[in-house]
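K.L.:
Below is model01.tsv; it holds TSV, C-alpha atoms and all ligand atoms.
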```tsv
chain	number	residue	atom	x	y	z
Q	1	MET	CA	0.00	0.00	0.00
Q	2	LYS	CA	1.31	3.44	-0.96
Q	3	LYS	CA	1.51	6.15	1.66
Q	4	MET	CA	0.53	9.74	1.03
Q	5	ALA	CA	0.46	12.74	3.36
Q	6	ILE	CA	-1.32	16.08	3.32
Q	7	VAL	CA	-0.20	19.36	4.87
Q	8	CYS	CA	-1.72	22.86	5.15
Q	9	SER	CA	0.75	25.70	4.79
Q	10	GLY	CA	0.43	29.49	5.12
Q	11	GLY	CA	-2.81	31.33	5.83
Q	12	ASP	CA	-5.66	28.93	6.56
Q	13	VAL	CA	-8.85	29.04	4.50
Q	14	SER	CA	-12.34	27.71	5.06
Q	15	GLY	CA	-12.42	24.61	2.90
Q	16	MET	CA	-9.22	23.02	4.19
Q	17	ASN	CA	-11.19	20.70	6.47
Q	18	ALA	CA	-13.41	19.64	3.58
Q	19	ALA	CA	-10.20	18.91	1.65
Q	20	LEU	CA	-8.80	16.82	4.52
Q	21	LYS	CA	-12.00	14.77	4.64
Q	22	ARG	CA	-11.89	14.07	0.91
Q	23	PHE	CA	-8.17	13.29	1.15
Q	24	VAL	CA	-8.71	10.53	3.69
Q	25	GLU	CA	-11.76	9.09	1.94
Q	26	TYR	CA	-10.27	9.13	-1.55
Q	27	CYS	CA	-6.95	7.70	-0.33
Q	28	PHE	CA	-8.78	4.69	1.09
Q	29	ARG	CA	-10.76	4.35	-2.13
Q	30	ARG	CA	-7.48	4.25	-4.11
Q	31	ASN	CA	-5.82	1.87	-1.63
Q	32	ILE	CA	-3.44	4.49	-0.24
Q	33	GLU	CA	-2.57	4.94	3.42
Q	34	PRO	CA	-3.37	8.58	4.38
Q	35	TRP	CA	-1.18	10.60	6.72
Q	36	PHE	CA	-1.54	14.07	8.25
Q	37	VAL	CA	1.30	16.52	8.79
Q	38	TYR	CA	0.32	18.83	11.64
Q	39	ASP	CA	1.09	22.57	11.82
Q	40	GLY	CA	2.41	23.13	8.33
Q	41	TYR	CA	6.07	22.71	7.41
Q	42	GLU	CA	6.92	23.24	11.08
Q	43	GLY	CA	5.30	19.87	11.80
Q	44	LEU	CA	7.21	18.31	8.93
Q	45	ILE	CA	10.46	19.44	10.53
Q	46	ASP	CA	9.42	18.55	14.08
Q	47	ASP	CA	7.97	15.16	13.14
Q	48	ARG	CA	4.34	15.88	13.92
Q	49	ILE	CA	3.14	13.34	11.34
Q	50	GLU	CA	0.35	10.90	12.09
Q	51	ARG	CA	-1.76	8.31	10.31
Q	52	ALA	CA	-5.25	9.50	9.44
Q	53	THR	CA	-8.44	7.50	9.75
Q	54	TYR	CA	-12.10	8.02	8.90
Q	55	ALA	CA	-12.58	9.05	12.52
Q	56	SER	CA	-10.02	11.84	12.13
Q	57	VAL	CA	-12.23	13.62	9.61
Q	58	ALA	CA	-15.71	12.86	10.91
Q	59	GLY	CA	-17.84	15.95	11.30
Q	60	ILE	CA	-15.30	18.49	10.06
Q	61	ILE	CA	-16.71	19.29	6.62
Q	62	THR	CA	-18.62	22.36	7.83
Q	63	ARG	CA	-15.84	23.88	9.89
Q	64	GLY	CA	-13.52	26.68	8.82
Q	65	GLY	CA	-9.83	26.58	9.68
Q	66	THR	CA	-7.92	23.33	9.51
Q	67	LYS	CA	-8.04	20.46	11.94
Q	68	ILE	CA	-4.35	19.73	11.35
Q	69	GLY	CA	-3.19	23.32	11.82
Q	70	SER	CA	-1.12	25.49	9.53
Q	71	ALA	CA	1.94	27.71	9.84
Q	72	ARG	CA	4.30	29.95	7.94
Q	73	SER	CA	7.65	28.28	8.49
Q	74	LYS	CA	10.82	30.34	8.30
Q	75	ARG	CA	12.91	27.33	9.26
Q	76	PHE	CA	11.83	25.49	6.12
Q	77	MET	CA	13.93	27.95	4.10
Q	78	GLU	CA	17.02	26.38	5.64
Q	79	GLU	CA	18.43	23.22	4.08
Q	80	HIS	CA	19.26	21.38	7.30
Q	81	TYR	CA	15.63	21.67	8.47
Q	82	ARG	CA	14.42	20.42	5.10
Q	83	LYS	CA	16.77	17.45	5.51
Q	84	GLN	CA	15.13	16.74	8.85
Q	85	ALA	CA	11.70	16.92	7.17
Q	86	ILE	CA	12.77	14.40	4.53
Q	87	GLU	CA	14.12	12.02	7.15
Q	88	ASN	CA	10.77	12.14	8.95
Q	89	LEU	CA	8.86	11.27	5.77
Q	90	ASP	CA	11.39	8.63	4.64
Q	91	ARG	CA	11.30	6.85	7.98
Q	92	ARG	CA	7.58	6.24	7.42
Q	93	GLY	CA	7.86	5.44	3.72
Q	94	ILE	CA	5.79	8.47	2.70
Q	95	GLY	CA	6.77	9.34	-0.86
Q	96	ALA	CA	4.06	11.79	-1.88
Q	97	LEU	CA	2.60	14.90	-0.32
Q	98	VAL	CA	-0.43	17.04	-1.09
Q	99	VAL	CA	0.14	20.68	-0.11
Q	100	LEU	CA	-2.74	23.07	0.52
Q	101	GLY	CA	-1.33	26.58	0.37
Q	102	GLY	CA	-0.07	29.46	-1.73
Q	103	ASP	CA	2.72	29.74	-4.28
Q	104	GLY	CA	5.28	30.56	-1.55
Q	105	SER	CA	4.48	27.22	0.08
Q	106	PHE	CA	4.77	25.45	-3.28
Q	107	ARG	CA	8.17	27.04	-3.93
Q	108	GLY	CA	9.37	25.85	-0.52
Q	109	MET	CA	8.17	22.35	-1.24
Q	110	HIS	CA	9.82	22.39	-4.65
Q	111	LYS	CA	13.18	22.85	-2.92
Q	112	LEU	CA	12.51	19.79	-0.80
Q	113	THR	CA	11.67	17.68	-3.83
Q	114	GLN	CA	14.93	18.71	-5.50
Q	115	GLU	CA	16.78	17.40	-2.47
Q	116	SER	CA	14.91	14.08	-2.25
Q	117	ASP	CA	12.67	11.59	-4.09
Q	118	LEU	CA	9.51	13.13	-2.68
Q	119	ALA	CA	6.71	14.06	-5.10
Q	120	PHE	CA	4.30	16.80	-4.24
Q	121	CYS	CA	1.10	18.20	-5.68
Q	122	GLY	CA	-0.11	21.65	-4.71
Q	123	ILE	CA	-3.70	22.77	-4.27
Q	124	PRO	CA	-4.06	26.56	-4.46
Q	125	ALA	CA	-5.64	27.59	-1.16
Q	126	THR	CA	-5.66	31.24	-0.19
Q	127	ILE	CA	-8.43	33.77	0.29
Q	128	ASP	CA	-6.29	36.26	-1.67
Q	129	ASN	CA	-6.97	34.44	-4.97
Q	130	ASP	CA	-3.56	35.62	-6.13
Q	131	ILE	CA	-1.95	32.51	-7.61
Q	132	ALA	CA	-0.99	32.75	-11.27
Q	133	GLY	CA	-2.24	29.97	-13.52
Q	134	THR	CA	-5.52	29.33	-11.71
Q	135	GLU	CA	-8.74	31.30	-11.78
Q	136	TYR	CA	-9.79	30.01	-8.41
Q	137	CYS	CA	-8.13	29.25	-5.09
Q	138	LEU	CA	-9.84	27.22	-2.38
Q	139	GLY	CA	-11.48	29.37	0.31
Q	140	VAL	CA	-12.22	32.43	-1.82
Q	141	ASP	CA	-15.95	31.81	-2.10
Q	142	THR	CA	-16.40	31.43	1.66
Q	143	ALA	CA	-14.33	34.57	2.28
Q	144	LEU	CA	-16.44	36.49	-0.23
Q	145	ASN	CA	-19.59	35.34	1.52
Q	146	VAL	CA	-18.24	36.43	4.90
Q	147	ILE	CA	-17.47	39.85	3.40
Q	148	LYS	CA	-20.90	39.96	1.77
Q	149	ASP	CA	-22.61	39.36	5.13
Q	150	ALA	CA	-20.45	42.05	6.76
Q	151	VAL	CA	-21.13	44.61	4.04
Q	152	ASP	CA	-24.87	43.90	4.16
Q	153	ALA	CA	-24.86	44.40	7.94
Q	154	ILE	CA	-22.83	47.60	7.72
Q	155	ARG	CA	-25.24	48.94	5.12
Q	156	ASP	CA	-28.02	48.67	7.72
Q	157	THR	CA	-26.27	50.99	10.13
Q	158	ALA	CA	-24.78	53.23	7.40
Q	159	SER	CA	-28.22	53.92	5.97
Q	160	SER	CA	-29.79	54.48	9.40
Q	161	PHE	CA	-27.13	56.92	10.54
Q	162	GLY	CA	-26.37	58.59	7.23
Q	163	ARG	CA	-22.66	57.78	7.31
Q	164	ALA	CA	-19.91	56.76	4.94
Q	165	PHE	CA	-18.30	53.42	5.75
Q	166	VAL	CA	-14.89	52.49	4.52
Q	167	ILE	CA	-14.61	48.71	4.63
Q	168	GLU	CA	-11.12	47.29	4.34
Q	169	THR	CA	-10.74	43.80	2.91
Q	170	MET	CA	-7.77	41.44	3.00
Q	171	GLY	CA	-6.01	40.14	-0.08
Q	172	ARG	CA	-2.38	41.08	0.54
Q	173	GLU	CA	-1.19	42.74	-2.71
Q	174	CYS	CA	-4.21	41.56	-4.70
Q	175	GLY	CA	-7.49	43.46	-5.07
Q	176	TYR	CA	-9.64	40.47	-6.05
Q	177	LEU	CA	-11.61	40.21	-2.79
Q	178	ALA	CA	-12.24	43.97	-2.72
Q	179	LEU	CA	-13.31	44.13	-6.34
Q	180	VAL	CA	-15.71	41.21	-6.25
Q	181	SER	CA	-17.11	42.40	-2.91
Q	182	ALA	CA	-17.67	45.92	-4.23
Q	183	LEU	CA	-19.40	44.58	-7.34
Q	184	THR	CA	-21.62	42.17	-5.44
Q	185	GLY	CA	-22.17	44.31	-2.35
Q	186	GLY	CA	-23.50	47.35	-4.17
Q	187	ALA	CA	-20.65	49.61	-3.03
Q	188	GLU	CA	-20.32	53.17	-4.27
Q	189	MET	CA	-16.53	53.12	-4.21
Q	190	CYS	CA	-13.92	50.44	-4.85
Q	191	LEU	CA	-10.19	51.03	-4.48
Q	192	ILE	CA	-7.76	48.29	-5.45
Q	193	PRO	CA	-4.08	48.31	-6.41
Q	194	GLU	CA	-4.79	47.02	-9.93
Q	195	LEU	CA	-6.81	50.10	-10.94
Q	196	PRO	CA	-5.78	53.76	-10.77
Q	197	TYR	CA	-8.42	55.92	-9.13
Q	198	ASP	CA	-9.33	59.57	-9.14
Q	199	LEU	CA	-10.87	60.88	-5.93
Q	200	ASN	CA	-11.92	64.07	-7.76
Q	201	ALA	CA	-14.12	62.04	-10.08
Q	202	TYR	CA	-15.66	60.33	-7.08
Q	203	LYS	CA	-16.12	63.72	-5.43
Q	204	ARG	CA	-18.08	65.19	-8.34
Q	205	ASP	CA	-20.26	62.11	-8.40
Q	206	PHE	CA	-20.85	61.83	-4.68
Q	207	LEU	CA	-21.65	65.51	-4.12
Q	208	LYS	CA	-24.24	65.35	-6.87
Q	209	GLU	CA	-25.76	62.16	-5.43
Q	210	LYS	CA	-25.81	63.70	-1.95
Q	211	GLU	CA	-27.62	66.71	-3.30
Q	212	GLU	CA	-30.16	64.37	-4.88
Q	213	GLY	CA	-30.79	62.69	-1.53
Q	214	ARG	CA	-28.19	59.97	-1.01
Q	215	ARG	CA	-27.73	59.46	2.75
Q	216	TYR	CA	-24.81	57.04	2.95
Q	217	PHE	CA	-21.85	55.59	1.07
Q	218	ILE	CA	-20.11	52.24	1.15
Q	219	ALA	CA	-16.48	52.17	0.07
Q	220	ILE	CA	-14.54	48.92	-0.24
Q	221	VAL	CA	-10.81	49.41	-0.01
Q	222	SER	CA	-8.16	46.73	-0.46
Q	223	GLU	CA	-5.67	46.39	2.40
Q	224	ALA	CA	-2.87	46.60	-0.18
Q	225	LEU	CA	-3.45	50.35	-0.53
Q	226	ASN	CA	-3.16	51.10	3.18
Q	227	ALA	CA	-5.57	53.97	2.53
Q	228	SER	CA	-8.69	53.31	4.62
Q	229	GLU	CA	-8.12	56.05	7.21
Q	230	THR	CA	-7.20	58.56	4.50
Q	231	VAL	CA	-10.34	57.75	2.54
Q	232	ALA	CA	-12.51	58.07	5.66
Q	233	LYS	CA	-11.00	61.52	6.31
Q	234	TRP	CA	-11.63	62.41	2.66
Q	235	PHE	CA	-15.34	61.57	3.09
Q	236	GLU	CA	-15.59	63.90	6.08
Q	237	GLU	CA	-13.62	66.78	4.58
Q	238	GLU	CA	-14.53	66.62	0.89
Q	239	ILE	CA	-18.00	65.06	0.90
Q	240	GLY	CA	-19.13	66.44	4.24
Q	241	ILE	CA	-20.39	63.18	5.67
Q	242	GLU	CA	-19.49	61.49	8.94
Q	243	SER	CA	-17.44	58.38	8.30
Q	244	ARG	CA	-16.23	55.20	9.98
Q	245	VAL	CA	-13.64	52.60	9.07
Q	246	THR	CA	-14.29	48.87	9.46
Q	247	VAL	CA	-11.29	46.64	8.99
Q	248	LEU	CA	-12.77	43.20	8.44
Q	249	GLY	CA	-9.53	41.41	9.26
Q	250	HIS	CA	-9.32	37.74	10.05
Q	251	ILE	CA	-13.06	37.02	10.07
Q	252	GLN	CA	-12.52	36.75	6.30
Q	253	ARG	CA	-10.43	33.62	6.81
Q	254	GLY	CA	-13.03	31.72	8.83
Q	255	GLY	CA	-16.69	30.78	8.82
Q	256	VAL	CA	-18.77	27.81	7.77
Q	257	THR	CA	-17.43	26.51	4.45
Q	258	SER	CA	-19.66	27.40	1.51
Q	259	VAL	CA	-21.17	24.77	-0.77
Q	260	HIS	CA	-18.87	25.93	-3.57
Q	261	ASP	CA	-15.73	25.51	-1.45
Q	262	ARG	CA	-16.82	22.11	-0.15
Q	263	LEU	CA	-17.25	20.91	-3.71
Q	264	MET	CA	-14.04	22.57	-4.92
Q	265	ALA	CA	-12.13	21.00	-2.02
Q	266	SER	CA	-13.35	17.60	-3.06
Q	267	ARG	CA	-12.52	18.15	-6.73
Q	268	PHE	CA	-9.08	19.70	-6.12
Q	269	VAL	CA	-8.06	16.83	-3.82
Q	270	THR	CA	-9.29	14.15	-6.19
Q	271	HIS	CA	-7.24	15.64	-9.03
Q	272	ALA	CA	-4.19	16.01	-6.79
Q	273	ILE	CA	-4.21	12.38	-5.69
Q	274	ASP	CA	-4.82	11.22	-9.26
Q	275	ALA	CA	-1.90	13.33	-10.48
Q	276	LEU	CA	0.44	11.86	-7.88
Q	277	LEU	CA	-0.71	8.33	-8.71
Q	278	GLU	CA	-0.04	9.05	-12.40
Q	279	GLY	CA	3.55	9.88	-11.48
Q	280	ARG	CA	3.39	13.68	-11.71
Q	281	LYS	CA	6.13	14.91	-9.40
Q	282	ASN	CA	5.99	18.65	-8.76
Q	283	SER	CA	2.71	19.93	-9.96
Q	284	VAL	CA	-0.17	22.17	-9.01
Q	285	ILE	CA	-3.86	21.57	-9.72
Q	286	CYS	CA	-5.36	24.60	-11.43
Q	287	TYR	CA	-8.96	25.47	-12.19
Q	288	ASN	CA	-9.70	27.36	-15.38
Q	289	ASP	CA	-12.71	27.70	-17.69
Q	290	GLY	CA	-14.76	25.27	-15.65
Q	291	GLY	CA	-12.20	22.46	-15.62
Q	292	PHE	CA	-9.10	21.23	-13.82
Q	293	GLU	CA	-5.59	20.89	-15.20
Q	294	VAL	CA	-2.30	19.72	-13.78
Q	295	LYS	CA	0.32	22.44	-14.23
Q	296	THR	CA	4.00	22.57	-13.45
Q	297	LEU	CA	5.20	24.63	-10.54
Q	298	ASN	CA	6.83	27.07	-12.97
Q	299	ASP	CA	3.44	27.78	-14.55
Q	300	VAL	CA	2.12	29.09	-11.27
Q	301	ALA	CA	5.12	30.35	-9.37
Q	302	LEU	CA	7.09	32.27	-11.95
Q	303	SER	CA	4.49	34.78	-13.03
Q	304	HIS	CA	2.27	37.26	-11.29
Q	305	TYR	CA	-1.48	36.71	-10.91
Q	306	GLN	CA	-3.62	39.16	-12.86
Q	307	ILE	CA	-7.31	39.75	-12.26
Q	308	PRO	CA	-9.11	38.93	-15.57
Q	309	ASP	CA	-9.60	42.02	-17.78
Q	310	GLU	CA	-13.32	41.43	-18.04
Q	311	LEU	CA	-13.65	41.76	-14.25
Q	312	LEU	CA	-11.28	44.72	-14.09
Q	313	ASN	CA	-13.35	46.48	-16.73
Q	314	LEU	CA	-16.37	46.27	-14.44
Q	315	GLY	CA	-14.23	47.75	-11.68
Q	316	LYS	CA	-13.26	50.67	-13.91
Q	317	GLU	CA	-16.85	51.88	-13.78
Q	318	PHE	CA	-16.43	52.85	-10.12
Q	319	GLY	CA	-15.65	56.56	-9.85
Q	320	SER	CA	-16.03	57.26	-13.53
Q	321	ASN	CA	-19.72	58.08	-13.91
Q	322	CYS	CA	-19.31	61.83	-14.23
P	401	LIG	O1	-2.69	35.40	2.71
P	401	LIG	C1	-3.83	35.38	3.48
P	401	LIG	C2	-3.90	36.60	4.37
P	401	LIG	O2	-5.09	36.50	5.13
P	401	LIG	C3	-3.81	37.95	3.66
P	401	LIG	O3	-5.02	38.33	3.07
P	401	LIG	C4	-3.39	38.84	4.79
P	401	LIG	O4	-2.70	39.98	4.29
P	401	LIG	C5	-2.46	37.95	5.58
P	401	LIG	O5	-2.80	36.60	5.26
P	401	LIG	C6	-2.57	38.12	7.07
P	401	LIG	O6	-1.59	37.34	7.64
P	401	LIG	P1	-1.56	36.95	9.18
P	401	LIG	O7	-2.65	35.96	9.41
P	401	LIG	O8	-0.21	36.39	9.38
P	401	LIG	O9	-1.81	38.22	9.95
```
Produce structure tokens that represent the structure in this file.

P.N.:
Amino acid sequence: MKKMAIVCSGGDVSGMNAALKRFVEYCFRRNIEPWFVYDGYEGLIDDRIERATYASVAGIITRGGTKIGSARSKRFMEEHYRKQAIENLDRRGIGALVVLGGDGSFRGMHKLTQESDLAFCGIPATIDNDIAGTEYCLGVDTALNVIKDAVDAIRDTASSFGRAFVIETMGRECGYLALVSALTGGAEMCLIPELPYDLNAYKRDFLKEKEEGRRYFIAIVSEALNASETVAKWFEEEIGIESRVTVLGHIQRGGVTSVHDRLMASRFVTHAIDALLEGRKNSVICYNDGGFEVKTLNDVALSHYQIPDELLNLGKEFGSNC
């Protein structure tokens, strides 16, 4: 019987538990012994590696986070710690690893595979949706739904009080979460690093709307711009409306996993295990145009993710109505 392990690395996403459940179940179906690596690459180094059973994954499909923990490991950048990690896997006869994480985690794992016979397959999992080569990363849909609920709730108080709310979303350097949330949350303003913006254009628009009776504004601002406080001040000084900032923060990483992410978790994992069984060594499962493909690490790690033009074009309509 072959042995395969799974590890979560980097920022957790809601959908990792659903992926762990599918991993265990599909491993058994394919006659593979499933193993868990706890606490990311830190657990690989420190030998926190255990056999998984059906019982290990019972009841976890709904839960955000990851039952086996995750971490950002600085030590994994050092060769002697990677050697330790390999020894821990070798001792158990584990020759293949599924990695749920971002491209940084995949690059780290690639180093390990160059120094050993280990094969790995990456599953893009980050709420930032910023991995080149795939349209979708696990966890994004749940994060967007958490943001949607927050924006809807903030709208209730914004409209009652007649205030402007600046809502800051996560995403690291990528504006995907902010853009999709602004488009689906009915925001009046959307600021993301991928699109230049002109506050004067917004000002002309907003003053006119205020004159016509608008009582409140919702602005969605990507954390990458570090501009939320400045924009809130701008609302008070230039638009003449009381404002508040809400930084959504880490609630975006948690929450009950959406139907879409549960299904995507299952599909990503199935393709990853199949790819490893077919002998693919260092690959990443990508989702594009409604289907899955197995790509090389270079396809995803060497270029920069770009939000599709069609979506960006929708975003260009913010602040340009005058
Ligand atoms: O990459 C996921 C992410 O949640 C980013 O959106 C955010 O910038 C970062 O991680 C936060 O990192 P930490 O959890 O270490 O504060």

K.L.:
Restricting the calculation to only C-alpha atoms: of Q:Leu89, Q:Leu97, Q:Met16, Q:Ile192, which residue gets closest to Ile49 (chain Q)?

P.N.:
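Of Q:Leu89, Q:Leu97, Q:Met16, Q:Ile192, the one nearest Ile49 (chain Q), counting only C-alpha atoms, is Q:Leu89.
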
K.L.:
With distances taken over only C-alpha atoms, which of Q:Ala5, Q:Leu277, Q:Val140, Q:Ile68 is nearest to Asp39 (chain Q)?

P.N.:
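Looking at the shortest contact to Asp39 (chain Q), the residue is Q:Ile68.
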
K.L.:
Using all atoms listed in the file, which of the listed residues (Q:Leu177, Q:Cys286, Q:Val37, Q:Ile239) sits closest to ligand LIG 401 (chain P)?

P.N.:
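Closest to ligand LIG 401 (chain P), using all atoms listed in the file: Q:Leu177.
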
K.L.:
Could you check how far CA of Gly15 (chain Q) sits from CA of Ser258 (chain Q), in Å to one decimal?

P.N.:
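Between these atoms lies a distance of 7.9 Å.
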
K.L.:
I'd like a table as a Markdown table: residues in chain Q with an atom no more than 12 Å from ligand LIG 401 (chain P), each row giving the shortest atom pair and its distance in Å to one decimal, only C-alpha atoms and all ligand atoms counted, sorted by chain and rising residue number.

P.N.:
```
| residue | atom | partner | partner_atom | distance |
| --- | --- | --- | --- | --- |
| Q:Ser9 | CA | P:LIG401 | O1 | 10.5 |
| Q:Gly10 | CA | P:LIG401 | O1 | 7.1 |
| Q:Gly11 | CA | P:LIG401 | C1 | 4.8 |
| Q:Asp12 | CA | P:LIG401 | C1 | 7.4 |
| Q:Val13 | CA | P:LIG401 | C1 | 8.2 |
| Q:Ser14 | CA | P:LIG401 | O2 | 11.4 |
| Q:Gly65 | CA | P:LIG401 | O7 | 11.8 |
| Q:Ser70 | CA | P:LIG401 | O7 | 10.6 |
| Q:Ala71 | CA | P:LIG401 | O8 | 9.0 |
| Q:Arg72 | CA | P:LIG401 | O8 | 8.0 |
| Q:Ser73 | CA | P:LIG401 | O8 | 11.3 |
| Q:Gly101 | CA | P:LIG401 | O1 | 9.2 |
| Q:Gly102 | CA | P:LIG401 | O1 | 7.9 |
| Q:Asp103 | CA | P:LIG401 | O1 | 10.5 |
| Q:Gly104 | CA | P:LIG401 | O1 | 10.3 |
| Q:Ser105 | CA | P:LIG401 | O1 | 11.2 |
| Q:Pro124 | CA | P:LIG401 | O1 | 11.5 |
| Q:Ala125 | CA | P:LIG401 | O1 | 9.2 |
| Q:Thr126 | CA | P:LIG401 | C1 | 5.8 |
| Q:Ile127 | CA | P:LIG401 | C1 | 5.8 |
| Q:Asp128 | CA | P:LIG401 | O3 | 5.3 |
| Q:Asn129 | CA | P:LIG401 | O1 | 8.8 |
| Q:Asp130 | CA | P:LIG401 | O1 | 8.9 |
| Q:Ile131 | CA | P:LIG401 | O1 | 10.7 |
| Q:Cys137 | CA | P:LIG401 | O1 | 11.3 |
| Q:Leu138 | CA | P:LIG401 | C1 | 11.7 |
| Q:Gly139 | CA | P:LIG401 | C1 | 10.2 |
| Q:Val140 | CA | P:LIG401 | C1 | 10.4 |
| Q:Ala143 | CA | P:LIG401 | O2 | 9.9 |
| Q:Glu168 | CA | P:LIG401 | O3 | 10.9 |
| Q:Thr169 | CA | P:LIG401 | O3 | 7.9 |
| Q:Met170 | CA | P:LIG401 | O3 | 4.2 |
| Q:Gly171 | CA | P:LIG401 | O3 | 3.8 |
| Q:Arg172 | CA | P:LIG401 | O4 | 3.9 |
| Q:Glu173 | CA | P:LIG401 | O4 | 7.7 |
| Q:Cys174 | CA | P:LIG401 | O3 | 8.5 |
| Q:Gly175 | CA | P:LIG401 | O3 | 9.9 |
| Q:Tyr176 | CA | P:LIG401 | O3 | 10.4 |
| Q:Leu177 | CA | P:LIG401 | O3 | 9.0 |
| Q:Ala178 | CA | P:LIG401 | O3 | 10.8 |
| Q:Ser222 | CA | P:LIG401 | O3 | 9.6 |
| Q:Glu223 | CA | P:LIG401 | O4 | 7.3 |
| Q:Ala224 | CA | P:LIG401 | O4 | 8.0 |
| Q:Leu225 | CA | P:LIG401 | O4 | 11.5 |
| Q:Asn226 | CA | P:LIG401 | O4 | 11.2 |
| Q:Val247 | CA | P:LIG401 | O4 | 11.8 |
| Q:Leu248 | CA | P:LIG401 | O3 | 10.6 |
| Q:Gly249 | CA | P:LIG401 | O2 | 7.8 |
| Q:His250 | CA | P:LIG401 | O2 | 6.6 |
| Q:Ile251 | CA | P:LIG401 | O2 | 9.4 |
| Q:Gln252 | CA | P:LIG401 | O2 | 7.5 |
| Q:Arg253 | CA | P:LIG401 | O2 | 6.3 |
| Q:Gly254 | CA | P:LIG401 | O2 | 10.0 |
```

K.L.:
Tell me, in Å to one decimal, how far CA of Ala272 (chain Q) is from CA of Val300 (chain Q).

P.N.:
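Computing the Euclidean distance for CA of Ala272 (chain Q) and CA of Val300 (chain Q) yields 15.2 Å.
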
K.L.:
Could you check how far CA of Asp289 (chain Q) sits from CA of Asn145 (chain Q), in Å to one decimal?

P.N.:
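Between CA of Asp289 (chain Q) and CA of Asn145 (chain Q) the gap works out to 21.8 Å.
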
K.L.:
Which of these, Q:Thr142, Q:Asn17, Q:Thr113, Q:Thr230, has the shortest distance to Val259 (chain Q) once you count only C-alpha atoms?

P.N.:
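Of all the options, Q:Thr142 lies closest to Val259 (chain Q).
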
K.L.:
Can you list, as a short mmCIF file (atom, residue, chain, number, x, y, z; two decimals) with C-alpha atoms, in the frame of the given file, every protein, DNA or RNA residue that comes within 7 Å of Lys148 (chain Q) when you count all atoms listed in the file, leaving out same-chain residues fewer than 3 positions away?

P.N.:
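Everything below was put into part-v1.cif:
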```cif
data_model
loop_
_atom_site.label_atom_id
_atom_site.label_comp_id
_atom_site.auth_asym_id
_atom_site.auth_seq_id
_atom_site.Cartn_x
_atom_site.Cartn_y
_atom_site.Cartn_z
CA LEU Q 144 -16.44 36.49 -0.23
CA ASN Q 145 -19.59 35.34 1.52
CA VAL Q 151 -21.13 44.61 4.04
CA ASP Q 152 -24.87 43.90 4.16
CA SER Q 181 -17.11 42.40 -2.91
CA GLY Q 185 -22.17 44.31 -2.35
#
```

K.L.:
Would you pick out the contacts of region 157-164 of chain Q at 9 Å or less, using all atoms listed in the file, so that residues sharing its chain but fewer than 6 positions from it are not included, and give the list as a PyMOL selection string?

P.N.:
chain Q and resi 214-219+232+235-236+241-245

K.L.:
Write out as a PDB file with C-alpha atoms, in the frame of the given file which residues come within 6 Å of Arg63 (chain Q) when counting all atoms listed in the file, dropping same-chain ones fewer than 2 positions away.

P.N.:
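Everything below was put into result12.pdb:
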```
ATOM      1  CA  ILE Q  60     -15.300  18.490  10.060  1.00  0.00           C
ATOM      2  CA  ILE Q  61     -16.710  19.290   6.620  1.00  0.00           C
ATOM      3  CA  VAL Q 256     -18.770  27.810   7.770  1.00  0.00           C
TER       4      VAL Q 256
END
```
